[in-house]
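Have a look at input.txt below; it lists compact mmCIF, C-alpha atoms.
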# COMPACT_ATOMS: atom_id res chain seq x y z
CA MET A 1 81.83 11.99 99.74
CA PRO A 2 78.18 10.89 100.15
CA LYS A 3 77.35 7.41 98.77
CA SER A 4 74.49 8.93 96.77
CA PHE A 5 77.06 10.91 94.78
CA TYR A 6 78.86 7.72 93.63
CA PHE A 7 75.57 6.00 92.69
CA LEU A 8 74.43 9.03 90.72
CA SER A 9 77.82 9.23 88.94
CA ILE A 10 77.62 5.58 87.79
CA PHE A 11 74.01 6.00 86.66
CA VAL A 12 74.69 9.08 84.59
CA LEU A 13 77.83 7.63 83.01
CA LEU A 14 75.82 4.61 81.81
CA MET A 15 73.20 6.95 80.35
CA THR A 16 75.90 8.90 78.57
CA THR A 17 77.39 5.83 76.94
CA ALA A 18 73.98 5.05 75.45
CA ALA A 19 73.45 8.62 74.25
CA ALA A 20 76.88 8.71 72.60
CA GLN A 21 75.73 6.21 69.95
CA GLU A 22 73.72 8.83 68.00
CA LYS A 23 76.36 10.29 65.69
CA PHE A 24 75.62 11.38 62.15
CA GLU A 25 77.67 14.47 61.31
CA ARG A 26 81.31 15.25 61.88
CA GLU A 27 83.94 17.70 60.72
CA VAL A 28 87.65 17.38 61.47
CA ARG A 29 90.83 19.23 60.59
CA ILE A 30 93.07 17.17 58.29
CA ASP A 31 96.53 17.38 56.68
CA ARG A 32 96.82 18.22 53.00
CA GLN A 33 98.11 14.68 52.34
CA ALA A 34 94.57 13.38 53.02
CA VAL A 35 92.99 15.67 50.39
CA PRO A 36 92.18 14.41 46.84
CA SER A 37 94.66 15.79 44.32
CA PRO A 38 92.12 17.68 42.11
CA ALA A 39 91.15 19.76 45.16
CA LEU A 40 94.81 20.43 46.00
CA GLU A 41 95.52 21.51 42.41
CA PHE A 42 92.50 23.83 42.38
CA ILE A 43 93.56 25.53 45.63
CA ALA A 44 97.22 25.81 44.53
CA ALA A 45 96.11 27.72 41.43
CA CYS A 46 94.05 30.16 43.54
CA GLU A 47 97.22 31.57 45.17
CA PHE A 48 95.75 32.38 48.56
CA ASP A 49 97.64 34.85 50.79
CA LYS A 50 97.62 32.73 53.93
CA LYS A 51 98.08 29.12 54.99
CA ILE A 52 95.34 26.74 53.80
CA LYS A 53 93.40 24.94 56.52
CA TRP A 54 91.84 21.68 55.36
CA TYR A 55 88.75 20.04 56.84
CA GLN A 56 86.92 16.80 56.13
CA GLU A 57 83.19 16.52 56.74
CA TRP A 58 80.84 13.54 56.92
CA SER A 59 77.10 14.18 56.76
CA GLN A 60 73.91 12.72 55.29
CA GLU A 61 75.06 14.11 51.92
CA GLY A 62 78.27 12.08 52.12
CA LEU A 63 81.93 12.95 52.43
CA SER A 64 83.28 16.37 51.49
CA TYR A 65 86.45 18.45 51.85
CA GLU A 66 86.76 22.12 52.70
CA ALA A 67 89.68 24.53 52.37
CA LYS A 68 89.74 27.79 54.34
CA SER A 69 92.10 30.67 53.68
CA CYS A 70 92.36 34.41 52.93
CA LYS A 71 92.98 36.47 49.83
CA GLU A 72 92.97 40.26 49.64
CA ASP A 73 91.39 40.54 53.11
CA TYR A 74 88.51 38.18 52.27
CA LEU A 75 88.00 34.95 54.17
CA TYR A 76 87.31 32.12 51.70
CA SER A 77 85.84 28.69 52.21
CA VAL A 78 86.08 26.31 49.23
CA GLU A 79 84.12 23.04 49.32
CA PHE A 80 84.84 19.90 47.28
CA ASP A 81 83.09 16.54 46.94
CA SER A 82 84.71 13.22 47.93
CA LEU A 83 86.64 13.05 44.63
CA GLY A 84 87.96 16.59 44.97
CA ARG A 85 85.55 18.21 42.48
CA LEU A 86 84.49 21.78 43.28
CA LEU A 87 81.08 22.19 44.93
CA ASP A 88 81.08 25.89 45.82
CA VAL A 89 83.10 28.80 47.13
CA GLU A 90 82.00 31.04 50.00
CA ARG A 91 83.45 34.45 50.78
CA LYS A 92 82.73 36.40 53.97
CA ILE A 93 81.46 39.94 53.30
CA ASP A 94 79.71 42.81 55.10
CA PHE A 95 75.94 42.97 54.78
CA LYS A 96 76.35 46.45 53.24
CA ALA A 97 78.49 44.96 50.45
CA ILE A 98 75.38 43.34 48.92
CA ALA A 99 74.09 45.36 45.94
CA ALA A 100 71.51 47.95 47.07
CA GLY A 101 68.55 46.45 45.18
CA ALA A 102 69.10 42.91 46.45
CA ARG A 103 69.88 44.20 49.93
CA GLY A 104 66.60 46.12 50.03
CA ARG A 105 64.61 42.98 49.09
CA ILE A 106 66.49 40.93 51.70
CA GLU A 107 65.79 43.54 54.39
CA ALA A 108 62.10 43.63 53.42
CA GLU A 109 61.92 39.83 53.70
CA LEU A 110 63.65 39.78 57.10
CA GLU A 111 61.51 42.64 58.43
CA ALA A 112 58.41 40.70 57.38
CA GLN A 113 59.61 37.56 59.14
CA PHE A 114 60.96 39.01 62.41
CA ASP A 115 59.98 41.53 65.04
CA ARG A 116 63.69 42.16 65.52
CA TYR A 117 66.80 40.70 63.94
CA LYS A 118 70.55 41.20 63.92
CA VAL A 119 72.75 39.95 61.11
CA GLN A 120 75.72 37.96 62.46
CA LYS A 121 77.49 36.77 59.32
CA VAL A 122 77.11 37.13 55.53
CA GLN A 123 78.78 34.96 52.92
CA GLU A 124 78.66 35.23 49.14
CA GLN A 125 78.31 31.76 47.65
CA PHE A 126 79.59 30.99 44.15
CA SER A 127 79.31 27.86 42.06
CA GLY A 128 79.83 26.97 38.42
CA GLU A 129 82.60 25.83 36.10
CA GLU A 130 85.85 25.30 37.98
CA ALA A 131 87.91 27.41 35.57
CA LEU A 132 85.49 30.35 35.92
CA VAL A 133 85.46 30.14 39.73
CA GLN A 134 89.25 29.83 39.85
CA GLY A 135 89.68 32.86 37.61
CA TRP A 136 87.29 34.92 39.73
CA ILE A 137 88.76 34.23 43.22
CA GLY A 138 90.41 37.47 44.20
CA GLY A 139 89.92 38.80 40.68
CA GLY A 140 87.15 41.37 41.23
CA GLU A 141 84.30 41.23 38.66
CA VAL A 142 82.10 38.14 38.76
CA PRO A 143 82.18 36.50 35.30
CA GLN A 144 79.01 35.47 33.43
CA GLY A 145 78.03 31.86 34.09
CA LEU A 146 78.71 31.78 37.83
CA ARG A 147 75.75 31.23 40.15
CA GLN A 148 75.92 33.74 42.99
CA ARG A 149 73.94 33.51 46.25
CA TYR A 150 74.00 35.05 49.72
CA GLU A 151 74.05 33.00 52.91
CA ILE A 152 73.06 35.02 55.97
CA VAL A 153 73.27 33.95 59.62
CA LEU A 154 71.27 36.11 62.01
CA LYS A 155 69.62 36.11 65.38
CA GLY A 156 65.95 36.92 65.18
CA ARG A 157 62.91 37.35 67.33
CA LYS A 158 59.44 36.17 66.22
CA GLY A 159 56.95 36.86 68.97
CA ARG A 160 58.39 35.00 71.97
CA GLU A 161 60.78 32.89 69.88
CA LYS A 162 64.42 34.00 69.86
CA LYS A 163 66.76 31.88 67.75
CA TYR A 164 69.65 31.83 65.32
CA TYR A 165 68.64 31.34 61.67
CA GLU A 166 70.37 30.72 58.36
CA PHE A 167 68.92 32.21 55.18
CA LEU A 168 69.86 31.64 51.56
CA PHE A 169 69.00 34.35 48.99
CA ASP A 170 69.70 34.50 45.27
CA LEU A 171 71.60 37.32 43.58
CA ASP A 172 68.41 39.41 43.28
CA GLY A 173 67.56 39.01 46.95
CA GLN A 174 64.81 36.41 46.50
CA LEU A 175 64.52 33.96 49.38
CA LEU A 176 65.56 30.40 48.48
CA LYS A 177 65.88 28.59 51.79
CA THR A 178 65.67 29.15 55.51
CA ALA A 179 66.68 26.98 58.47
CA THR A 180 66.87 27.26 62.22
CA ILE A 181 70.30 26.80 63.75
CA VAL A 182 70.19 24.47 66.72
CA ASP A 183 72.86 25.43 69.22
CA ARG A 184 74.67 22.98 71.43
CA PRO A 185 73.44 23.24 75.03
CA LEU A 186 74.94 26.25 76.82
CA ASP A 187 75.14 24.64 80.27
CA ASN A 188 78.91 24.22 80.29
CA ILE A 189 79.36 27.89 79.33
CA GLU A 190 76.80 29.30 81.76
CA PHE A 191 77.66 27.16 84.85
CA MET B 192 94.01 37.46 69.37
CA ARG B 193 91.69 39.95 71.14
CA TYR B 194 90.15 37.06 73.12
CA TRP B 195 93.56 36.08 74.44
CA SER B 196 94.12 39.71 75.49
CA LEU B 197 90.90 39.53 77.51
CA PHE B 198 91.97 36.34 79.24
CA SER B 199 95.53 37.51 79.92
CA LEU B 200 94.07 40.12 82.33
CA PHE B 201 93.08 37.28 84.60
CA LEU B 202 96.64 35.97 84.86
CA LEU B 203 97.64 38.92 87.06
CA PRO B 204 97.12 37.10 90.40
CA LEU B 205 99.71 34.51 89.34
CA LEU B 206 102.38 37.21 89.52
CA SER B 207 102.15 37.63 93.28
CA ASN B 208 104.43 35.65 95.60
CA ALA B 209 102.69 36.63 98.85
CA GLN B 210 100.94 33.41 99.69
CA SER B 211 100.27 32.06 103.12
CA SER B 212 98.07 28.99 102.66
CA THR B 213 97.40 26.51 99.87
CA VAL B 214 94.63 23.94 99.54
CA GLY B 215 94.35 21.25 96.85
CA GLY B 216 92.12 18.35 95.91
CA LEU B 217 89.38 17.00 93.68
CA MET B 218 86.21 18.78 92.59
CA PRO B 219 83.75 16.38 90.88
CA ARG B 220 80.52 17.85 89.53
CA ILE B 221 77.35 16.66 87.79
CA ASN B 222 75.10 19.09 85.92
CA LEU B 223 71.66 18.07 84.65
CA SER B 224 69.27 20.29 82.75
CA GLY B 225 65.75 19.85 81.41
CA LYS B 226 63.51 22.11 79.34
CA LEU B 227 60.22 23.40 80.76
CA SER B 228 59.29 25.29 77.56
CA SER B 229 61.13 26.77 74.57
CA ASP B 230 62.51 29.57 76.78
CA GLN B 231 62.51 28.15 80.28
CA SER B 232 64.56 25.34 81.78
CA LEU B 233 65.60 23.88 85.12
CA LYS B 234 69.23 23.11 85.88
CA GLY B 235 70.41 21.07 88.83
CA SER B 236 73.91 20.22 89.98
CA ILE B 237 75.82 18.40 92.69
CA GLU B 238 79.41 19.40 93.36
CA SER B 239 81.81 18.07 95.95
CA ARG B 240 85.21 19.24 97.16
CA GLN B 241 87.56 16.57 98.43
CA GLY B 242 90.73 18.03 99.91
CA PHE B 243 94.04 16.15 99.85
CA TYR B 244 96.44 18.94 100.79
CA ASP B 245 96.20 21.88 103.17
CA SER B 246 99.36 23.80 104.03
CA SER B 247 97.71 25.41 107.08
CA GLU B 248 97.01 22.06 108.80
CA GLU B 249 99.46 20.15 111.01
CA VAL B 250 99.01 17.02 108.86
CA GLN B 251 99.19 18.59 105.42
CA TRP B 252 98.58 15.55 103.18
CA GLN B 253 95.31 14.00 104.29
CA HIS B 254 91.92 13.31 102.75
CA ARG B 255 89.28 15.75 103.97
CA ASN B 256 85.64 15.88 102.89
CA ILE B 257 85.39 19.65 102.65
CA LEU B 258 81.91 20.33 101.32
CA THR B 259 79.05 19.30 99.02
CA ASP B 260 76.88 21.76 97.08
CA TYR B 261 73.35 21.04 95.83
CA SER B 262 72.06 23.67 93.36
CA LEU B 263 68.85 24.27 91.47
CA PHE B 264 68.50 27.04 88.89
CA PHE B 265 65.57 28.36 86.90
CA SER B 266 66.77 29.65 83.53
CA ASN B 267 64.86 32.09 81.35
CA LYS B 268 66.03 32.76 77.79
CA LEU B 269 65.85 36.48 76.98
CA GLY B 270 67.25 36.24 73.45
CA ALA B 271 69.46 34.11 71.21
CA GLY B 272 72.44 33.38 73.48
CA ILE B 273 71.11 35.61 76.29
CA SER B 274 69.66 34.21 79.50
CA LEU B 275 68.84 35.10 83.08
CA ASN B 276 69.33 32.31 85.63
CA ILE B 277 68.03 32.51 89.19
CA GLY B 278 68.96 29.80 91.66
CA TYR B 279 69.37 28.46 95.14
CA MET B 280 72.30 26.47 96.48
CA LEU B 281 72.45 24.42 99.65
CA ARG B 282 75.97 23.77 100.94
CA SER B 283 76.86 21.11 103.46
CA ARG B 284 80.16 21.96 105.18
CA GLY B 285 81.06 20.22 108.43
CA ASP B 286 78.03 20.54 110.69
CA SER B 287 76.79 23.71 108.99
CA TRP B 288 74.32 24.30 106.20
CA PHE B 289 74.88 27.34 104.01
CA HIS B 290 72.09 28.88 101.93
CA ARG B 291 72.95 30.84 98.79
CA ALA B 292 70.68 32.78 96.44
CA SER B 293 72.22 33.48 92.98
CA GLN B 294 71.36 35.62 89.98
CA HIS B 295 73.24 35.13 86.69
CA PHE B 296 73.03 37.17 83.49
CA ASN B 297 74.61 35.27 80.57
CA LEU B 298 75.59 36.36 77.09
CA VAL B 299 77.02 33.72 74.73
CA GLN B 300 78.46 34.86 71.39
CA ARG B 301 78.98 32.54 68.44
CA LEU B 302 82.41 32.79 66.83
CA ASP B 303 83.53 31.48 63.43
CA ARG B 304 85.35 28.88 65.48
CA GLY B 305 83.81 28.20 68.91
CA ARG B 306 81.94 30.46 71.26
CA ILE B 307 82.61 32.90 74.05
CA GLY B 308 80.41 33.35 77.11
CA HIS B 309 80.16 36.29 79.52
CA ARG B 310 78.49 35.93 82.90
CA ILE B 311 77.70 38.73 85.32
CA ALA B 312 76.44 37.31 88.59
CA SER B 313 75.58 38.19 92.14
CA ASP B 314 74.95 35.93 95.12
CA GLN B 315 74.07 36.18 98.77
CA THR B 316 75.16 33.49 101.26
CA PHE B 317 73.62 32.97 104.68
CA VAL B 318 74.64 30.63 107.50
CA LYS B 319 73.40 30.36 111.05
CA GLY B 320 75.67 32.12 113.53
CA ASP B 321 77.71 34.05 110.96
CA THR B 322 77.41 37.27 108.95
CA PRO B 323 75.99 37.05 105.41
CA VAL B 324 78.33 37.32 102.40
CA PHE B 325 77.38 39.31 99.29
CA ARG B 326 79.34 38.72 96.08
CA LEU B 327 79.49 40.32 92.65
CA ARG B 328 81.32 38.41 89.91
CA TYR B 329 82.24 38.47 86.20
CA ARG B 330 83.34 35.42 84.22
CA ALA B 331 84.51 34.99 80.63
CA VAL B 332 84.71 31.54 79.00
CA LEU B 333 86.18 30.69 75.61
CA GLU B 334 85.38 27.29 74.07
CA GLN B 335 86.93 25.94 70.85
CA SER B 336 87.20 22.61 69.10
CA LEU B 337 90.56 20.85 68.98
CA SER B 338 89.76 19.27 65.60
CA GLY B 339 87.88 21.45 63.17
CA ALA B 340 85.90 24.64 63.16
CA ARG B 341 83.05 23.34 65.30
CA ILE B 342 82.62 20.77 68.06
CA ASP B 343 80.99 17.55 66.84
CA ASP B 344 80.05 14.38 68.67
CA GLY B 345 83.08 12.34 69.72
CA GLU B 346 85.45 15.32 69.54
CA LEU B 347 87.75 16.99 72.03
CA TYR B 348 87.61 20.69 72.78
CA TYR B 349 89.22 23.10 75.20
CA LYS B 350 87.56 25.61 77.45
CA LEU B 351 89.34 28.50 79.13
CA GLY B 352 87.44 30.24 81.88
CA SER B 353 88.44 33.12 84.08
CA GLU B 354 86.49 34.91 86.78
CA VAL B 355 86.92 37.83 89.13
CA LEU B 356 84.83 38.02 92.32
CA TYR B 357 84.26 40.80 94.82
CA ALA B 358 82.90 39.67 98.20
CA LEU B 359 81.53 41.88 100.96
CA GLU B 360 81.30 40.46 104.48
CA ALA B 361 80.69 42.49 107.65
CA GLY B 362 81.59 45.67 105.81
CA GLU B 363 84.93 44.31 104.54
CA GLY B 364 85.54 43.71 100.85
CA THR B 365 87.84 41.04 99.38
CA LEU B 366 88.82 40.07 95.83
CA GLU B 367 89.28 36.62 94.33
CA TRP B 368 90.46 35.48 90.88
CA ARG B 369 89.75 32.12 89.30
CA LEU B 370 91.43 30.50 86.34
CA VAL B 371 89.79 27.37 84.90
CA PRO B 372 91.37 25.71 81.82
CA GLN B 373 89.49 22.52 80.90
CA LEU B 374 89.72 19.75 78.34
CA GLY B 375 86.29 18.63 77.19
CA TYR B 376 84.91 15.65 75.29
CA GLU B 377 81.61 15.90 73.41
CA LEU B 378 79.94 12.52 74.02
CA SER B 379 76.79 13.50 72.14
CA ALA B 380 74.72 16.59 71.32
CA THR B 381 73.33 16.49 74.86
CA SER B 382 76.23 15.21 76.91
CA LYS B 383 79.80 16.28 77.58
CA LEU B 384 82.63 15.54 79.98
CA GLU B 385 85.22 18.06 81.14
CA LEU B 386 88.46 17.65 83.06
CA GLY B 387 90.92 20.31 84.12
CA TRP B 388 92.42 22.69 86.59
CA ASP B 389 90.43 25.07 88.76
CA ALA B 390 92.75 27.57 90.47
CA ARG B 391 91.50 30.17 92.93
CA PHE B 392 93.59 33.05 94.24
CA SER B 393 92.69 35.62 96.84
CA SER B 394 93.79 39.20 96.16
CA PRO B 395 97.55 39.69 95.61
CA PHE B 396 97.21 42.70 97.94
CA ASP B 397 95.81 40.55 100.76
CA SER B 398 98.32 39.95 103.60
CA SER B 399 96.94 36.47 104.46
CA ARG B 400 96.75 35.16 100.93
CA LYS B 401 94.88 31.93 100.10
CA VAL B 402 95.39 29.80 97.00
CA SER B 403 93.50 26.65 96.09
CA HIS B 404 94.10 24.18 93.25
CA TRP B 405 91.44 21.67 92.26
CA LEU B 406 91.31 18.89 89.73
CA ARG B 407 87.84 19.56 88.37
CA THR B 408 85.78 16.89 86.60
CA SER B 409 82.34 17.82 85.27
CA TRP B 410 79.65 15.95 83.48
CA PHE B 411 76.91 17.91 81.70
CA TYR B 412 73.73 16.24 80.53
CA SER B 413 70.77 17.91 78.91
CA PHE B 414 67.40 16.11 78.74
CA LYS B 415 66.76 17.43 75.27
CA LYS B 416 66.28 15.59 72.02
CA ALA B 417 69.33 15.86 69.78
CA LYS B 418 68.66 17.73 66.53
CA PRO B 419 70.83 18.14 63.45
CA LYS B 420 73.39 20.93 63.61
CA LEU B 421 73.86 23.32 60.73
Take the structure from the file and write it as structure tokens.
Amino acid sequence: MPKSFYFLSIFVLLMTTAAAQEKFEREVRIDRQAVPSPALEFIAACEFDKKIKWYQEWSQEGLSYEAKSCKEDYLYSVEFDSLGRLLDVERKIDFKAIAAGARGRIEAELEAQFDRYKVQKVQEQFSGEEALVQGWIGGGEVPQGLRQRYEIVLKGRKGREKKYYEFLFDLDGQLLKTATIVDRPLDNIEF
Amino acid sequence: MRYWSLFSLFLLPLLSNAQSSTVGGLMPRINLSGKLSSDQSLKGSIESRQGFYDSSEEVQWQHRNILTDYSLFFSNKLGAGISLNIGYMLRSRGDSWFHRASQHFNLVQRLDRGRIGHRIASDQTFVKGDTPVFRLRYRAVLEQSLSGARIDDGELYYKLGSEVLYALEAGEGTLEWRLVPQLGYELSATSKLELGWDARFSSPFDSSRKVSHWLRTSWFYSFKKAKPKL
């Protein structure tokens, strides 16, 4: 092997070690034993159809726990704070499942923002009193007092810019928040 | 489950027993990439093949410096997860220099857990004193975290790649299958290491069948400022 190859390998490995210091967000799969008991009790009462997968996440907002499972063909994601108190519940739905009025306002907003877009994923987001949320999961009608929002991931084109975006809309289809999703480099998939 | 069905198609060459020669060794690789603009980037790589076993040689177990590849690609983003890469590779093998022009069309889909990449590619290889080789290839790659729904810094992941290649040389066509399972480690948002098996099989219908097994190690580095992930 050429000597230059060895020198380059050592150089790049040193660079990598330095780059590896910048770490600020992490999510890992965990066992249920590592989950705070209020979160376990909440999930047990929800009676999901499938096995519960637990995750722990560290970010700028602090430590949180997330449970993922299914009930009546819906994929649920339930998030708790570090003490196991409910933060919100997300449920994966089709874009067409959004009420017609709200959906129309969302489409108008997206058409105004993009030349072209394609919706990749839609989640209903619920938050409120734990008892209300627990009663609603898998129960059909959304009770009064729950805050309902829509989180939409899409790929969009604005002029020459083509990116993935995340949008947050309220129940009426009014835009609350938007963010660009920064993908990990694709080099190891493309080459 | 449907992704596994896709990849199981590529296991077919493993079923054949007709094999006449086997080569094995190490395949280290370094990949560097840098952005030119929001849509364009340059990607360079150096890859070497160091053989340690060759069943067709009189001395089968022996170190052999087989080849070194130097590649440079220009990548143009056509859409979110869609790109067209055009490149040139210079291969040093023995006393010969091979020249290869390549064209890659890539489509990378985001999954709830991980991502899947499709690559349709063509290349043309020229060497002095020999006939040119034209190849058409398709590759599928599945990448998923081993701890959680997404790959974060300091985490392990696996990558399963499979490729089928059709080569045309002097009017004769041949097939090749590749199976590349890798274990990866995300050092940072811009850097990752991968280690695994790279197996290459010529067509099971070929009378003089060739098989090669490589221990592949790859390092990917992107000269791009790390940004928060969603």
Using all atoms listed in the file, determine which residues of chain B fall within 7 Å of chain A; present them as a list in words.
Asn256, Gly270, Ala271, Asn297, Gly308, Arg310, Val332, Ser338, Gly339, Asp343, Asp344, Leu378, Ser379, Ala380, Thr381, Ser382, Phe411, Lys418, Lys420 and Leu421 of chain B
Please produce a file of those selected residues containing C-alpha atoms, as a compact mmCIF listing (two decimals), keeping the file's coordinate frame.
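Generated output (out-v6.txt):
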# COMPACT_ATOMS: atom_id res chain seq x y z
CA ASN B 256 85.64 15.88 102.89
CA GLY B 270 67.25 36.24 73.45
CA ALA B 271 69.46 34.11 71.21
CA ASN B 297 74.61 35.27 80.57
CA GLY B 308 80.41 33.35 77.11
CA ARG B 310 78.49 35.93 82.90
CA VAL B 332 84.71 31.54 79.00
CA SER B 338 89.76 19.27 65.60
CA GLY B 339 87.88 21.45 63.17
CA ASP B 343 80.99 17.55 66.84
CA ASP B 344 80.05 14.38 68.67
CA LEU B 378 79.94 12.52 74.02
CA SER B 379 76.79 13.50 72.14
CA ALA B 380 74.72 16.59 71.32
CA THR B 381 73.33 16.49 74.86
CA SER B 382 76.23 15.21 76.91
CA PHE B 411 76.91 17.91 81.70
CA LYS B 418 68.66 17.73 66.53
CA LYS B 420 73.39 20.93 63.61
CA LEU B 421 73.86 23.32 60.73
Rank nothing, just name the residue among A:Ile106, A:Leu87, A:Ala34, A:Ala97 nearest to Val133 (chain A), using all atoms listed in the file.
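So, comparing all the options, the nearest one is A:Leu87.
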Fewer than 2 positions away in the same chain doesn't count, so skip those; otherwise give me all residues within 8 Å of region 279-296 of chain B, counting only C-alpha atoms, as a list of chain:residue names.
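The neighbour list is B:Ile257, B:Leu258, B:Thr259, B:Asp260, B:Tyr261, B:Ser262, B:Leu263, B:Phe264, B:Ile273, B:Ser274, B:Leu275, B:Asn276, B:Ile277, B:Leu298, B:Arg310, B:Ile311, B:Ala312, B:Ser313, B:Asp314, B:Gln315, B:Thr316, B:Phe317, B:Val318, B:Lys319.
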Would you list the contacts of Tyr348 (chain B) as number ranges by chain, taking every protein, DNA or RNA residue within 9 Å and counting all atoms listed in the file, but skipping same-chain residues closer than 3 positions in sequence?
B: 334-338, 342, 373-377
Would you write out those residues with C-alpha atoms, as a PDB file, keeping the file's coordinate frame?
ATOM      1  CA  GLU B 334      85.380  27.290  74.070  1.00  0.00           C
ATOM      2  CA  GLN B 335      86.930  25.940  70.850  1.00  0.00           C
ATOM      3  CA  SER B 336      87.200  22.610  69.100  1.00  0.00           C
ATOM      4  CA  LEU B 337      90.560  20.850  68.980  1.00  0.00           C
ATOM      5  CA  SER B 338      89.760  19.270  65.600  1.00  0.00           C
ATOM      6  CA  ILE B 342      82.620  20.770  68.060  1.00  0.00           C
ATOM      7  CA  GLN B 373      89.490  22.520  80.900  1.00  0.00           C
ATOM      8  CA  LEU B 374      89.720  19.750  78.340  1.00  0.00           C
ATOM      9  CA  GLY B 375      86.290  18.630  77.190  1.00  0.00           C
ATOM     10  CA  TYR B 376      84.910  15.650  75.290  1.00  0.00           C
ATOM     11  CA  GLU B 377      81.610  15.900  73.410  1.00  0.00           C
TER      12      GLU B 377
END
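Taking CA of Arg330 (chain B) and CA of Val355 (chain B) as the two end points, the separation is 6.5 Å.
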Closest of A:Val153, A:Asp81, A:Val89, A:Glu130 to Asp303 (chain B), counting only C-alpha atoms, is A:Val153
Check the smallest atom-to-atom distance from each of B:Arg369, B:Lys350, B:Arg301, B:Arg400 to Gly387 (chain B) using all atoms listed in the file, then report the winner.
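Nearest candidate to Gly387 (chain B) out of B:Arg369, B:Lys350, B:Arg301, B:Arg400: B:Lys350.
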Point-to-point distance in Å for CA of Arg306 (chain B) and CA of Lys68 (chain A):
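Between these atoms lies a distance of 18.8 Å.
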Excluding Phe42 (chain A) and any residue of its chain fewer than 3 positions from it, enumerate the residues within 9 Å of it, using all atoms listed in the file, and give them as a PyMOL selection string.
chain A and resi 37-39+45-46+84-86+130-131+134
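Compared by their closest atoms to Gln125 (chain A), and using all atoms listed in the file, the residues A:Ala108, A:Gln113, A:Ala100, A:Asp88 rank with A:Asp88 nearest.
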Compile the contact shell of Gln144 (chain A) as a ChimeraX atom specification: residues with an atom at most 12 Å away, counting all atoms listed in the file, same-chain residues fewer than 4 positions apart removed.
/A:126-129,132-133,135-136,148
Mind giving me the straight-line distance from CA of Gln300 (chain B) to CA of Arg326 (chain B) in Å, one decimal?
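About the pair CA of Gln300 (chain B) and CA of Arg326 (chain B): they are 25.0 Å apart.
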Could the centre and edge lengths of an axis-aligned box, enclosing all atoms of region 142-161 of chain A in the file with 6 Å extra on each side, be given in Å to one decimal as lines of an AutoDock Vina configuration file?
center_x = 69.6
center_y = 34.7
center_z = 52.7
size_x = 37.2
size_y = 18.9
size_z = 50.5
